[in-house]
Each structure stands twice: as C-alpha cells, then as structure tokens.
>>> print(open('target.cif').read())   # mmCIF, C-alpha atoms
data_start
loop_
_atom_site.label_atom_id
_atom_site.label_comp_id
_atom_site.auth_asym_id
_atom_site.auth_seq_id
_atom_site.Cartn_x
_atom_site.Cartn_y
_atom_site.Cartn_z
CA MET A 506 0.00 0.00 0.00
CA ARG A 507 1.36 3.41 -0.94
CA GLU A 508 2.30 5.69 1.92
CA PRO A 509 0.08 8.79 2.20
CA GLU A 510 1.63 11.99 0.89
CA ARG A 511 3.17 14.11 3.62
CA VAL A 512 1.19 17.26 4.38
CA GLY A 513 3.31 20.34 4.86
CA VAL A 514 1.70 22.57 7.49
CA GLY A 515 1.88 26.32 7.97
CA VAL A 516 0.56 28.10 11.07
CA ILE A 517 -0.34 31.78 10.80
CA GLY A 518 -0.51 33.54 14.16
CA LEU A 519 1.70 32.38 17.02
CA GLY A 520 -0.27 33.42 20.08
CA PHE A 521 -1.94 30.97 22.45
CA MET A 522 -3.94 29.19 19.73
CA GLY A 523 -1.13 29.10 17.19
CA ARG A 524 1.09 27.36 19.72
CA ALA A 525 -1.74 24.97 20.55
CA HIS A 526 -2.03 24.04 16.88
CA ILE A 527 1.73 23.55 16.57
CA ALA A 528 1.65 21.16 19.54
CA ALA A 529 -1.30 19.28 18.04
CA TYR A 530 0.43 18.83 14.67
CA GLU A 531 3.54 17.53 16.40
CA ALA A 532 1.45 15.10 18.44
CA ALA A 533 -0.27 13.95 15.24
CA ARG A 534 3.08 13.42 13.53
CA ARG A 535 4.33 11.35 16.45
CA ALA A 536 1.13 9.31 16.32
CA GLY A 537 1.83 8.40 12.69
CA ARG A 538 -0.02 11.06 10.69
CA ALA A 539 1.87 12.08 7.56
CA CYS A 540 2.35 15.75 8.42
CA GLU A 541 5.17 18.14 9.20
CA LEU A 542 5.27 21.77 10.31
CA VAL A 543 7.26 23.58 7.62
CA ALA A 544 6.35 27.26 8.08
CA VAL A 545 5.03 29.73 10.64
CA CYS A 546 3.98 33.35 10.35
CA ASP A 547 3.69 36.21 12.80
CA ARG A 548 4.56 39.91 12.58
CA ASP A 549 6.08 39.76 16.06
CA PRO A 550 9.66 38.45 15.68
CA LEU A 551 9.70 37.29 19.31
CA ARG A 552 6.79 34.97 18.60
CA CYS A 553 8.68 33.51 15.66
CA ALA A 554 11.41 32.36 18.03
CA ALA A 555 11.52 28.65 18.68
CA THR A 556 10.84 29.00 22.42
CA PRO A 557 7.24 29.94 23.30
CA GLN A 558 6.74 33.26 25.05
CA ALA A 559 5.20 33.44 28.50
CA GLY A 560 1.51 32.62 28.37
CA ALA A 561 1.65 31.79 24.68
CA ASN A 562 1.64 28.02 24.82
CA ARG A 563 -0.76 25.52 26.31
CA GLY A 564 0.59 23.25 28.95
CA ALA A 565 4.16 22.98 30.15
CA GLY A 566 7.50 21.90 28.81
CA GLU A 567 8.18 21.96 25.09
CA ARG A 568 4.59 22.04 23.80
CA GLY A 569 4.19 24.53 21.01
CA THR A 570 7.88 24.85 20.19
CA PHE A 571 9.45 24.15 16.80
CA ASP A 572 12.88 23.66 15.28
CA PRO A 573 13.99 26.87 13.52
CA ALA A 574 16.42 24.82 11.43
CA GLN A 575 13.47 22.96 9.90
CA VAL A 576 10.69 25.59 10.00
CA VAL A 577 10.72 28.83 8.00
CA ALA A 578 9.33 31.91 9.74
CA PHE A 579 7.51 34.60 7.75
CA ALA A 580 6.30 38.03 8.82
CA GLU A 581 3.49 38.26 6.23
CA PRO A 582 0.74 35.69 5.49
CA ALA A 583 1.13 36.19 1.72
CA ASP A 584 4.72 34.97 1.91
CA LEU A 585 3.74 31.81 3.76
CA LEU A 586 0.93 31.18 1.28
CA ALA A 587 3.43 31.43 -1.57
CA ASP A 588 5.50 28.59 -0.08
CA GLU A 589 4.79 25.54 -2.25
CA ARG A 590 5.67 23.15 0.57
CA VAL A 591 2.63 24.30 2.55
CA ARG A 592 -0.53 22.31 1.81
CA LEU A 593 -2.50 22.96 5.01
CA VAL A 594 -2.77 26.29 6.82
CA SER A 595 -3.98 26.89 10.36
CA VAL A 596 -5.34 30.43 10.69
CA CYS A 597 -4.83 31.41 14.34
CA THR A 598 -4.78 35.19 14.02
CA PRO A 599 -7.21 37.66 15.68
CA THR A 600 -10.84 37.09 14.72
CA ASP A 601 -11.19 40.18 12.55
CA THR A 602 -8.48 38.85 10.18
CA HIS A 603 -9.78 35.29 9.75
CA VAL A 604 -11.92 35.74 6.65
CA GLU A 605 -9.31 37.68 4.70
CA ILE A 606 -6.46 35.25 5.46
CA ALA A 607 -8.53 32.08 5.07
CA SER A 608 -9.92 33.31 1.74
CA ALA A 609 -6.41 34.06 0.49
CA ALA A 610 -5.26 30.60 1.58
CA LEU A 611 -8.10 28.90 -0.29
CA ARG A 612 -7.36 30.94 -3.41
CA ALA A 613 -3.73 29.82 -3.06
CA ARG A 614 -5.04 26.21 -3.16
CA LYS A 615 -4.24 25.47 0.48
CA HIS A 616 -6.44 23.47 2.80
CA VAL A 617 -7.54 25.60 5.76
CA LEU A 618 -8.26 25.02 9.44
CA VAL A 619 -9.58 28.37 10.66
CA GLU A 620 -9.92 29.17 14.34
CA LYS A 621 -13.20 30.09 15.94
CA PRO A 622 -14.97 32.43 15.78
CA VAL A 623 -14.66 32.39 12.01
CA ALA A 624 -15.94 35.99 12.07
CA LEU A 625 -17.98 38.25 14.33
CA ALA A 626 -20.81 38.71 11.82
CA SER A 627 -22.70 36.05 9.87
CA ALA A 628 -22.34 38.13 6.69
CA ASP A 629 -18.55 37.77 6.92
CA VAL A 630 -18.79 34.02 7.53
CA ARG A 631 -20.91 33.82 4.40
CA ARG A 632 -18.18 35.60 2.40
CA LEU A 633 -15.68 32.89 3.34
CA LEU A 634 -18.26 30.19 2.67
CA GLU A 635 -18.74 31.44 -0.88
CA VAL A 636 -14.98 31.37 -1.47
CA ALA A 637 -14.77 27.84 -0.04
CA ARG A 638 -17.57 26.59 -2.26
CA GLY A 639 -15.53 27.53 -5.31
CA ALA A 640 -12.22 26.22 -3.96
CA ALA A 641 -10.38 23.03 -4.90
CA THR A 642 -9.33 22.52 -1.27
CA ARG A 643 -11.15 22.03 2.03
CA CYS A 644 -11.87 24.48 4.85
CA MET A 645 -12.91 23.52 8.39
CA PRO A 646 -13.74 25.81 11.32
CA ALA A 647 -11.89 24.79 14.48
CA PHE A 648 -14.87 23.95 16.69
CA CYS A 649 -12.68 22.02 19.12
CA MET A 650 -15.47 20.92 21.50
CA ARG A 651 -16.80 18.58 18.81
CA PHE A 652 -13.54 16.66 19.26
CA TRP A 653 -13.01 17.04 23.01
CA PRO A 654 -12.89 13.74 24.94
CA GLY A 655 -16.09 13.44 26.93
CA TRP A 656 -17.93 15.88 24.72
CA ASP A 657 -17.69 13.71 21.60
CA TRP A 658 -18.93 10.91 23.89
CA LEU A 659 -22.02 12.97 24.73
CA LYS A 660 -22.77 13.51 21.05
CA ARG A 661 -22.68 9.74 20.48
CA GLN A 662 -25.10 9.11 23.37
CA VAL A 663 -27.54 11.70 22.04
CA GLU A 664 -27.45 10.12 18.59
CA SER A 665 -27.68 6.51 19.76
CA GLU A 666 -30.25 7.17 22.50
CA ALA A 667 -28.40 4.53 24.52
CA PHE A 668 -29.87 6.06 27.69
CA GLY A 669 -33.11 7.20 26.10
CA ARG A 670 -33.89 10.63 24.71
CA PRO A 671 -32.35 13.71 26.36
CA ARG A 672 -34.82 15.60 28.56
CA SER A 673 -32.72 18.61 29.50
CA ALA A 674 -29.21 19.93 29.06
CA ARG A 675 -27.11 22.63 30.66
CA PHE A 676 -23.66 23.85 29.61
CA GLU A 677 -21.35 26.15 31.56
CA ARG A 678 -18.05 27.78 30.54
CA LEU A 679 -16.55 30.35 32.90
CA GLY A 680 -13.09 31.77 33.48
CA SER A 681 -10.99 34.87 33.86
CA LEU A 682 -10.31 37.12 30.90
CA PRO A 683 -7.48 35.53 28.85
CA VAL A 684 -4.16 36.98 29.96
CA TRP A 685 -2.19 36.35 26.77
CA SER A 686 -3.81 39.14 24.72
CA ARG A 687 -5.83 41.40 27.01
CA GLU A 688 -5.81 44.31 24.57
CA PHE A 689 -7.54 42.20 21.94
CA TYR A 690 -10.08 40.58 24.24
CA LEU A 691 -11.00 43.90 25.88
CA ASP A 692 -11.74 45.39 22.44
CA THR A 693 -15.29 44.15 21.92
CA ALA A 694 -15.33 45.41 18.33
CA ARG A 695 -12.55 42.93 17.53
CA SER A 696 -13.18 40.01 19.90
CA GLY A 697 -16.96 40.07 20.23
CA ASP A 698 -16.49 39.75 24.01
CA ALA A 699 -17.17 36.49 25.87
CA LEU A 700 -20.52 36.10 24.09
CA ILE A 701 -18.81 35.36 20.79
CA ASP A 702 -15.25 34.35 21.69
CA LEU A 703 -16.03 31.98 24.60
CA HIS A 704 -19.74 31.18 24.65
CA ILE A 705 -19.55 30.17 20.96
CA HIS A 706 -18.18 26.77 22.06
CA ASP A 707 -21.39 25.82 23.84
CA ALA A 708 -23.67 27.52 21.33
CA ASP A 709 -22.07 25.41 18.61
CA PHE A 710 -22.05 22.22 20.66
CA ALA A 711 -25.69 22.57 21.70
CA ARG A 712 -26.89 22.94 18.10
CA TRP A 713 -24.57 20.09 17.00
CA CYS A 714 -26.21 17.80 19.56
CA PHE A 715 -29.80 18.99 19.55
CA GLY A 716 -30.27 20.91 16.30
CA ASP A 717 -31.19 24.51 15.67
CA PRO A 718 -33.52 26.05 18.25
CA VAL A 719 -36.64 27.88 17.12
CA ALA A 720 -36.02 30.71 19.61
CA VAL A 721 -33.41 31.94 22.06
CA GLU A 722 -33.69 34.11 25.16
CA SER A 723 -30.54 35.62 26.67
CA THR A 724 -29.87 37.49 29.90
CA GLY A 725 -26.78 39.11 31.38
CA SER A 726 -24.25 40.89 29.19
CA THR A 727 -21.80 40.20 26.39
CA GLN A 728 -19.19 39.48 29.10
CA HIS A 729 -21.36 36.94 30.93
CA VAL A 730 -24.41 35.55 29.21
CA THR A 731 -26.98 32.89 30.02
CA SER A 732 -29.07 31.71 27.07
CA ARG A 733 -32.08 29.44 26.81
CA TYR A 734 -32.47 27.61 23.52
CA ARG A 735 -36.06 26.60 22.86
CA TYR A 736 -36.89 23.77 20.48
CA ALA A 737 -40.01 22.96 18.51
CA ASP A 738 -40.81 19.94 20.71
CA GLY A 739 -40.90 22.08 23.87
CA ARG A 740 -37.46 21.12 25.21
CA GLU A 741 -34.94 23.72 26.39
CA THR A 742 -31.16 23.81 26.62
CA VAL A 743 -29.34 26.34 28.81
CA ALA A 744 -25.83 27.59 28.12
CA GLU A 745 -23.94 29.99 30.40
CA GLY A 746 -20.59 31.50 29.48
CA GLY A 747 -18.52 34.41 30.60
CA TRP A 748 -15.32 36.03 31.73
CA THR A 749 -15.49 36.49 35.49
CA ALA A 750 -12.83 38.07 37.68
CA GLN A 751 -10.26 35.74 39.25
CA THR A 752 -12.14 32.58 38.27
CA PRO A 753 -10.14 29.48 37.32
CA PHE A 754 -11.36 28.18 33.98
CA ARG A 755 -14.10 25.59 34.16
CA MET A 756 -16.27 23.90 31.53
CA CYS A 757 -19.18 21.66 32.47
CA TYR A 758 -22.30 20.00 31.20
CA ARG A 759 -25.20 18.16 32.77
CA VAL A 760 -27.51 16.25 30.46
CA GLU A 761 -30.50 14.33 31.78
CA PHE A 762 -31.55 11.40 29.63
CA GLU A 763 -34.63 9.26 30.22
CA GLN A 764 -32.53 6.56 31.90
CA ALA A 765 -29.37 8.32 33.13
CA VAL A 766 -27.68 11.63 33.88
CA ALA A 767 -24.30 12.52 32.37
CA GLU A 768 -22.16 15.11 34.15
CA TYR A 769 -18.84 16.58 33.01
CA ASP A 770 -16.68 18.99 35.04
CA SER A 771 -13.20 19.86 33.78
CA ARG A 772 -12.02 20.61 37.35
CA ARG A 773 -13.03 17.21 38.72
CA ASP A 774 -11.23 13.87 38.64
CA PRO A 775 -12.69 11.95 36.91
CA PRO A 776 -14.24 14.71 34.80
CA LEU A 777 -17.10 12.63 33.35
CA VAL A 778 -19.50 10.52 35.41
CA LEU A 779 -22.71 8.74 34.53
CA ARG A 780 -25.47 8.39 37.12
CA ARG A 781 -28.10 5.66 36.81
CA GLY A 782 -30.37 5.50 39.82
CA ALA A 783 -28.21 5.21 42.94
CA LYS A 784 -25.19 4.07 40.93
CA GLN A 785 -22.43 6.33 39.67
CA GLU A 786 -19.66 5.31 37.31
CA ALA A 787 -16.71 7.11 35.78
CA VAL A 788 -16.66 7.22 31.99
CA PRO A 789 -13.16 6.62 30.57
CA LEU A 790 -11.97 9.33 28.22
CA GLY A 791 -9.70 9.22 25.21
CA ALA A 792 -6.22 10.73 25.23
CA GLY A 793 -5.42 14.25 24.09
CA ASP A 794 -7.78 17.18 23.75
CA GLY A 795 -9.97 18.86 21.18
CA TYR A 796 -7.06 20.56 19.44
CA ASP A 797 -5.46 17.17 18.82
CA GLY A 798 -8.77 15.80 17.56
CA GLU A 799 -9.56 18.61 15.15
CA VAL A 800 -6.05 18.59 13.65
CA ARG A 801 -6.15 14.82 13.07
CA ALA A 802 -9.63 15.04 11.58
CA MET A 803 -8.43 17.72 9.16
CA LEU A 804 -5.41 15.64 8.16
CA ASP A 805 -7.64 12.60 7.63
CA ALA A 806 -10.00 14.65 5.45
CA ILE A 807 -7.09 15.77 3.29
CA ALA A 808 -5.84 12.20 2.93
CA ASP A 809 -9.34 10.98 2.04
CA PRO A 810 -11.50 13.64 0.32
CA SER A 811 -14.55 11.38 0.64
CA LEU A 812 -14.56 11.84 4.42
CA PRO A 813 -17.11 14.39 5.60
CA LEU A 814 -15.86 17.24 7.76
CA ARG A 815 -17.12 17.05 11.34
CA ALA A 816 -17.47 20.84 11.33
CA THR A 817 -18.31 22.93 8.28
CA LEU A 818 -18.53 26.58 7.31
CA GLU A 819 -22.28 26.07 7.03
CA ASP A 820 -22.16 25.22 10.75
CA ALA A 821 -20.10 28.36 11.39
CA LEU A 822 -22.72 30.42 9.56
CA SER A 823 -25.58 28.92 11.58
CA VAL A 824 -23.86 29.46 14.91
CA ALA A 825 -23.02 33.05 13.93
CA ARG A 826 -26.72 33.65 13.27
CA LEU A 827 -27.58 32.07 16.63
CA LEU A 828 -25.14 34.36 18.45
CA GLU A 829 -26.59 37.37 16.62
CA ALA A 830 -30.03 36.35 17.89
CA GLU A 831 -28.63 36.10 21.43
CA LEU A 832 -27.15 39.58 21.07
CA ASP A 833 -30.53 40.91 19.87
CA SER A 834 -32.17 39.38 22.94
CA LEU A 835 -29.57 40.95 25.26
CA ARG A 836 -30.02 44.37 23.66
CA SER A 837 -33.77 44.31 24.21
CA GLY A 838 -33.17 45.37 27.81
CA ALA A 839 -35.53 42.75 29.24
CA PRO A 840 -35.75 38.97 28.88
CA ARG A 841 -37.20 38.54 25.39
CA PRO A 842 -37.16 35.47 23.17
CA VAL A 843 -35.88 36.02 19.65
CA ARG A 844 -37.10 33.65 16.98
CA LEU A 845 -34.70 32.11 14.48
CA ASP A 846 -35.91 31.77 10.92
#
>>> encode(input="target.cif", output="structure tokens")
Amino acid sequence: MREPERVGVGVIGLGFMGRAHIAAYEAARRAGRACELVAVCDRDPLRCAATPQAGANRGAGERGTFDPAQVVAFAEPADLLADERVRLVSVCTPTDTHVEIASAALRARKHVLVEKPVALASADVRRLLEVARGAATRCMPAFCMRFWPGWDWLKRQVESEAFGRPRSARFERLGSLPVWSREFYLDTARSGDALIDLHIHDADFARWCFGDPVAVESTGSTQHVTSRYRYADGRETVAEGGWTAQTPFRMCYRVEFEQAVAEYDSRRDPPLVLRRGAKQEAVPLGAGDGYDGEVRAMLDAIADPSLPLRATLEDALSVARLLEAELDSLRSGAPRPVRLD
C-alpha cells in the first residue's frame, strides 16, 4: 500500500492558539499522521522564536515549540501562502483577520483550518463560505469541543439514545479574561467579548447535539451571558458563558436522559461521570484534547477527500446567526425570546 503523501503545514498567528495548533500537529506526527510543520507566520519576531513566550503556549514543557532549522518563519501571510511546501494552513490570528487570510489561503489552493470564531458577523462568515464553495481545497472551522474527549462521547449518546432521549441539558463555561492578549479581548469590536469568543463553544455544541432552536432568550451581558435555547418539541437547553474576575477556567455539562444523567466537570477527577439511579460510574476518556482531535480530523480529510468534515462553514454560519439572535435578545433590555428563521 502506498504511503500517504506528507502534508506540509503552515501556522499563521503564534499566540496561544497558534502554539496549541503547533503542539497538536507535532502530536499527530508522532502518532503516525503524515504531516510536518514547515512554516510559521507572525509579525512579532519574538513569537517567531523557537521557544514559546510566556503565556503563549498551552501546557508545560516543550509544547508549542518548533525547530527553527526545519521551519521557515515569515512576517506576512502572503509569503507563507506562496510557499509551495505548505498544503495545510492553520489560521490562528485575531478574529477580525480570519476571513481575509482564510480566503487568500483557499485561493492559493491550500487546505484551511480556521480558528473560531470564524468571524464576528454572519455576513462575513458567508463571504468565506462562498470562497470555499468555489475552492479546490477544504476548509474547516476549528470547533474544538466537537472533538473534546467526553464531549464527543455525549454527542454519540444523544445520537444513539443509549440512555433514552435527552430531557434537558445545561452547559457552563466560565473563566478569567485571557491573559495572553488582554488588549484584543478587551476590544469588543474585535473580539466580540465572551458572548462570541467563549460562549460560541457551547452555542455550537448545543446545536450540534440537539439541532437549531426555534427561539433563544438571553440574559446578562456580552461578558457573561446565560441563554435558553427553545426547540419545537418544547425542550430547552441552557448555556452559560462568561469572563469572570479571578475565576479558574471551568467547563461543564449536565444532560439528563430518560434513563441516566451525564455530568462533566473539567475541574473534577474523573471529569465525566454517569449516574443511573443510585449508581455512579466514571466514563473513561480518550487521550489528548480537542485541538489534537480537530487537527487529526483535518489531516484525515485531506488524505481521504470522501470523508465528511465534522465541522463545516455552514455550521459556522448557523452558529453566527444564533449568536446574533442572542445579542438581539440581550439588547432588548428585558428577557425577550428572539425567533430564528
């Protein structure tokens, strides 16, 4: 059997997420995926150094580093996109640059993994979607929770109805304002605040599991929002997300099925438990995290074009519209459901 062609990878943007992607590609390579980081890009020369800057990498040790003897560093995205060795590009730049850079990468015939949020406005997501529809390569939004161990498990239980149909679901994602780029995150016009940059994870995951709601009602603010998603069959899903002062990061869910309750808490060991009556059992989780999963899924989709993408730009467009509806509800000044067409 012929060995799969090696995928040369370029990462644009070397902040927290860029380093996370670099670590994930290296982990994929060590696990046997035919990929290699060949180029990086950032306008900050310090970030292009092989050693990660303080707060820029996830985890400890050497995660997110690269060998400058093997990896070319560029200051401008156009120069990286001109490198013929690069077949796959991770776009990990600030949100307001995603559409421009990802579109240029697709036009340069590169495959693209673009960080979330794809854009702040659904109209901008649609612009990238139109470019992708005419491209010869593939583009996937980096909705990492679809790949996160314990969260992908929940999706399978919802689909299989192994514990009956879900009756209710609640998601929670809270933490301090990210310290690695405070200027960006504090600029709501660029980041979209916690509503779009953080809460998007649970908005996307809820609609991936349960479909599009018919209406949403949001309370709080763009820094800390609680939203109720209402479905045509009368069910509701609640998702809370926000940046709160001096709060260690925590992501949770609690889903009640007809025959069991599944609970996940990232600050608990074990994080995922299943309750059935008086019995409680820990659910074993796969290795790695959602960044590892999304990178490997993208590499697999390049190797086999017949594989469907687990996340699509159509999904990104739908979740952008959902977040816009939540923002409309918040701006109403009083709890008010907003219908989604």
>>> residues_around(input="target.cif", residues="Glu786 of chain A", least_positions_apart="3", cutoff="10 Å", atoms="only C-alpha atoms", output="list in words")
Ala767, Pro775, Leu777, Val778, Leu779, Arg780, Arg781 and Pro789 of chain A
>>> atom_distance(input="target.cif", atom1="atom CA of Val623 of chain A", atom2="atom CA of Tyr796 of chain A")
15.9 Å
>>> residues_around(input="target.cif", residues="Ser681 of chain A", least_positions_apart="6", cutoff="12 Å", atoms="all atoms listed in the file", output="list in words")
Arg687, Tyr690, Ala699, Leu703, Gln728, His729, Gly746, Gly747, Trp748, Thr749, Ala750, Gln751, Thr752, Pro753, Phe754 and Arg755 of chain A
>>> resolve_selection(input="target.cif", expression="the PyMOL selection byres ((chain A and resi 844) around 7)", output="short mmCIF file (atom, residue, chain, number, x, y, z; two decimals) with C-alpha atoms, keeping the file's coordinate frame")
data_model
loop_
_atom_site.label_atom_id
_atom_site.label_comp_id
_atom_site.auth_asym_id
_atom_site.auth_seq_id
_atom_site.Cartn_x
_atom_site.Cartn_y
_atom_site.Cartn_z
CA VAL A 719 -36.64 27.88 17.12
CA ALA A 720 -36.02 30.71 19.61
CA VAL A 721 -33.41 31.94 22.06
CA PRO A 842 -37.16 35.47 23.17
CA VAL A 843 -35.88 36.02 19.65
CA LEU A 845 -34.70 32.11 14.48
CA ASP A 846 -35.91 31.77 10.92
#
>>> resolve_selection(input="target.cif", expression="the PyMOL selection byres ((chain A and resi 834) around 12)", output="ChimeraX atom specification")
/A:720-727,730-734,827-833,835-845
>>> resolve_selection(input="target.cif", expression="the PyMOL selection byres ((chain A and resi 584-589) around 9)", output="ChimeraX atom specification")
/A:513,515-517,544-546,577-583,590-592,594,609-610,613-615
>>> decode(input="target.cif", residues="segment 510-611 of chain A", atoms="C-alpha atoms", output="PDB file, in the first residue's frame")
ATOM      1  CA  GLU A 510       1.634  11.986   0.891  1.00  0.00           C
ATOM      2  CA  ARG A 511       3.167  14.108   3.615  1.00  0.00           C
ATOM      3  CA  VAL A 512       1.188  17.258   4.377  1.00  0.00           C
ATOM      4  CA  GLY A 513       3.311  20.340   4.855  1.00  0.00           C
ATOM      5  CA  VAL A 514       1.697  22.569   7.491  1.00  0.00           C
ATOM      6  CA  GLY A 515       1.878  26.324   7.967  1.00  0.00           C
ATOM      7  CA  VAL A 516       0.561  28.099  11.075  1.00  0.00           C
ATOM      8  CA  ILE A 517      -0.345  31.778  10.797  1.00  0.00           C
ATOM      9  CA  GLY A 518      -0.509  33.544  14.155  1.00  0.00           C
ATOM     10  CA  LEU A 519       1.695  32.376  17.024  1.00  0.00           C
ATOM     11  CA  GLY A 520      -0.266  33.422  20.075  1.00  0.00           C
ATOM     12  CA  PHE A 521      -1.935  30.971  22.447  1.00  0.00           C
ATOM     13  CA  MET A 522      -3.940  29.191  19.735  1.00  0.00           C
ATOM     14  CA  GLY A 523      -1.135  29.104  17.194  1.00  0.00           C
ATOM     15  CA  ARG A 524       1.095  27.361  19.716  1.00  0.00           C
ATOM     16  CA  ALA A 525      -1.740  24.966  20.553  1.00  0.00           C
ATOM     17  CA  HIS A 526      -2.029  24.043  16.877  1.00  0.00           C
ATOM     18  CA  ILE A 527       1.730  23.545  16.566  1.00  0.00           C
ATOM     19  CA  ALA A 528       1.646  21.160  19.540  1.00  0.00           C
ATOM     20  CA  ALA A 529      -1.304  19.285  18.036  1.00  0.00           C
ATOM     21  CA  TYR A 530       0.426  18.827  14.670  1.00  0.00           C
ATOM     22  CA  GLU A 531       3.545  17.532  16.395  1.00  0.00           C
ATOM     23  CA  ALA A 532       1.445  15.095  18.439  1.00  0.00           C
ATOM     24  CA  ALA A 533      -0.274  13.953  15.239  1.00  0.00           C
ATOM     25  CA  ARG A 534       3.080  13.424  13.534  1.00  0.00           C
ATOM     26  CA  ARG A 535       4.334  11.347  16.448  1.00  0.00           C
ATOM     27  CA  ALA A 536       1.131   9.310  16.323  1.00  0.00           C
ATOM     28  CA  GLY A 537       1.829   8.400  12.695  1.00  0.00           C
ATOM     29  CA  ARG A 538      -0.016  11.058  10.691  1.00  0.00           C
ATOM     30  CA  ALA A 539       1.874  12.078   7.564  1.00  0.00           C
ATOM     31  CA  CYS A 540       2.350  15.747   8.418  1.00  0.00           C
ATOM     32  CA  GLU A 541       5.169  18.145   9.198  1.00  0.00           C
ATOM     33  CA  LEU A 542       5.268  21.765  10.307  1.00  0.00           C
ATOM     34  CA  VAL A 543       7.258  23.579   7.619  1.00  0.00           C
ATOM     35  CA  ALA A 544       6.351  27.256   8.079  1.00  0.00           C
ATOM     36  CA  VAL A 545       5.028  29.727  10.639  1.00  0.00           C
ATOM     37  CA  CYS A 546       3.980  33.349  10.348  1.00  0.00           C
ATOM     38  CA  ASP A 547       3.687  36.214  12.800  1.00  0.00           C
ATOM     39  CA  ARG A 548       4.560  39.907  12.582  1.00  0.00           C
ATOM     40  CA  ASP A 549       6.080  39.760  16.062  1.00  0.00           C
ATOM     41  CA  PRO A 550       9.661  38.455  15.680  1.00  0.00           C
ATOM     42  CA  LEU A 551       9.703  37.291  19.306  1.00  0.00           C
ATOM     43  CA  ARG A 552       6.791  34.975  18.598  1.00  0.00           C
ATOM     44  CA  CYS A 553       8.680  33.507  15.661  1.00  0.00           C
ATOM     45  CA  ALA A 554      11.413  32.357  18.030  1.00  0.00           C
ATOM     46  CA  ALA A 555      11.520  28.648  18.681  1.00  0.00           C
ATOM     47  CA  THR A 556      10.840  28.997  22.416  1.00  0.00           C
ATOM     48  CA  PRO A 557       7.237  29.942  23.299  1.00  0.00           C
ATOM     49  CA  GLN A 558       6.741  33.256  25.053  1.00  0.00           C
ATOM     50  CA  ALA A 559       5.203  33.440  28.500  1.00  0.00           C
ATOM     51  CA  GLY A 560       1.509  32.623  28.371  1.00  0.00           C
ATOM     52  CA  ALA A 561       1.653  31.788  24.677  1.00  0.00           C
ATOM     53  CA  ASN A 562       1.640  28.016  24.818  1.00  0.00           C
ATOM     54  CA  ARG A 563      -0.761  25.520  26.314  1.00  0.00           C
ATOM     55  CA  GLY A 564       0.589  23.250  28.953  1.00  0.00           C
ATOM     56  CA  ALA A 565       4.160  22.982  30.152  1.00  0.00           C
ATOM     57  CA  GLY A 566       7.496  21.899  28.809  1.00  0.00           C
ATOM     58  CA  GLU A 567       8.175  21.957  25.088  1.00  0.00           C
ATOM     59  CA  ARG A 568       4.588  22.037  23.800  1.00  0.00           C
ATOM     60  CA  GLY A 569       4.188  24.530  21.011  1.00  0.00           C
ATOM     61  CA  THR A 570       7.879  24.851  20.193  1.00  0.00           C
ATOM     62  CA  PHE A 571       9.448  24.154  16.805  1.00  0.00           C
ATOM     63  CA  ASP A 572      12.877  23.660  15.281  1.00  0.00           C
ATOM     64  CA  PRO A 573      13.992  26.874  13.516  1.00  0.00           C
ATOM     65  CA  ALA A 574      16.419  24.822  11.429  1.00  0.00           C
ATOM     66  CA  GLN A 575      13.466  22.964   9.901  1.00  0.00           C
ATOM     67  CA  VAL A 576      10.686  25.592   9.999  1.00  0.00           C
ATOM     68  CA  VAL A 577      10.721  28.830   7.997  1.00  0.00           C
ATOM     69  CA  ALA A 578       9.331  31.914   9.740  1.00  0.00           C
ATOM     70  CA  PHE A 579       7.515  34.603   7.746  1.00  0.00           C
ATOM     71  CA  ALA A 580       6.295  38.028   8.815  1.00  0.00           C
ATOM     72  CA  GLU A 581       3.487  38.256   6.231  1.00  0.00           C
ATOM     73  CA  PRO A 582       0.742  35.687   5.491  1.00  0.00           C
ATOM     74  CA  ALA A 583       1.127  36.185   1.724  1.00  0.00           C
ATOM     75  CA  ASP A 584       4.720  34.971   1.910  1.00  0.00           C
ATOM     76  CA  LEU A 585       3.744  31.813   3.760  1.00  0.00           C
ATOM     77  CA  LEU A 586       0.929  31.176   1.280  1.00  0.00           C
ATOM     78  CA  ALA A 587       3.432  31.428  -1.569  1.00  0.00           C
ATOM     79  CA  ASP A 588       5.498  28.588  -0.081  1.00  0.00           C
ATOM     80  CA  GLU A 589       4.795  25.541  -2.249  1.00  0.00           C
ATOM     81  CA  ARG A 590       5.674  23.152   0.571  1.00  0.00           C
ATOM     82  CA  VAL A 591       2.632  24.298   2.549  1.00  0.00           C
ATOM     83  CA  ARG A 592      -0.529  22.306   1.805  1.00  0.00           C
ATOM     84  CA  LEU A 593      -2.496  22.964   5.005  1.00  0.00           C
ATOM     85  CA  VAL A 594      -2.773  26.292   6.815  1.00  0.00           C
ATOM     86  CA  SER A 595      -3.983  26.886  10.363  1.00  0.00           C
ATOM     87  CA  VAL A 596      -5.342  30.428  10.691  1.00  0.00           C
ATOM     88  CA  CYS A 597      -4.828  31.405  14.336  1.00  0.00           C
ATOM     89  CA  THR A 598      -4.778  35.191  14.024  1.00  0.00           C
ATOM     90  CA  PRO A 599      -7.209  37.657  15.680  1.00  0.00           C
ATOM     91  CA  THR A 600     -10.841  37.085  14.724  1.00  0.00           C
ATOM     92  CA  ASP A 601     -11.187  40.177  12.548  1.00  0.00           C
ATOM     93  CA  THR A 602      -8.480  38.849  10.179  1.00  0.00           C
ATOM     94  CA  HIS A 603      -9.782  35.288   9.749  1.00  0.00           C
ATOM     95  CA  VAL A 604     -11.924  35.744   6.653  1.00  0.00           C
ATOM     96  CA  GLU A 605      -9.305  37.675   4.696  1.00  0.00           C
ATOM     97  CA  ILE A 606      -6.463  35.253   5.456  1.00  0.00           C
ATOM     98  CA  ALA A 607      -8.528  32.076   5.069  1.00  0.00           C
ATOM     99  CA  SER A 608      -9.919  33.305   1.740  1.00  0.00           C
ATOM    100  CA  ALA A 609      -6.413  34.060   0.495  1.00  0.00           C
ATOM    101  CA  ALA A 610      -5.264  30.599   1.580  1.00  0.00           C
ATOM    102  CA  LEU A 611      -8.102  28.903  -0.295  1.00  0.00           C
TER     103      LEU A 611
END
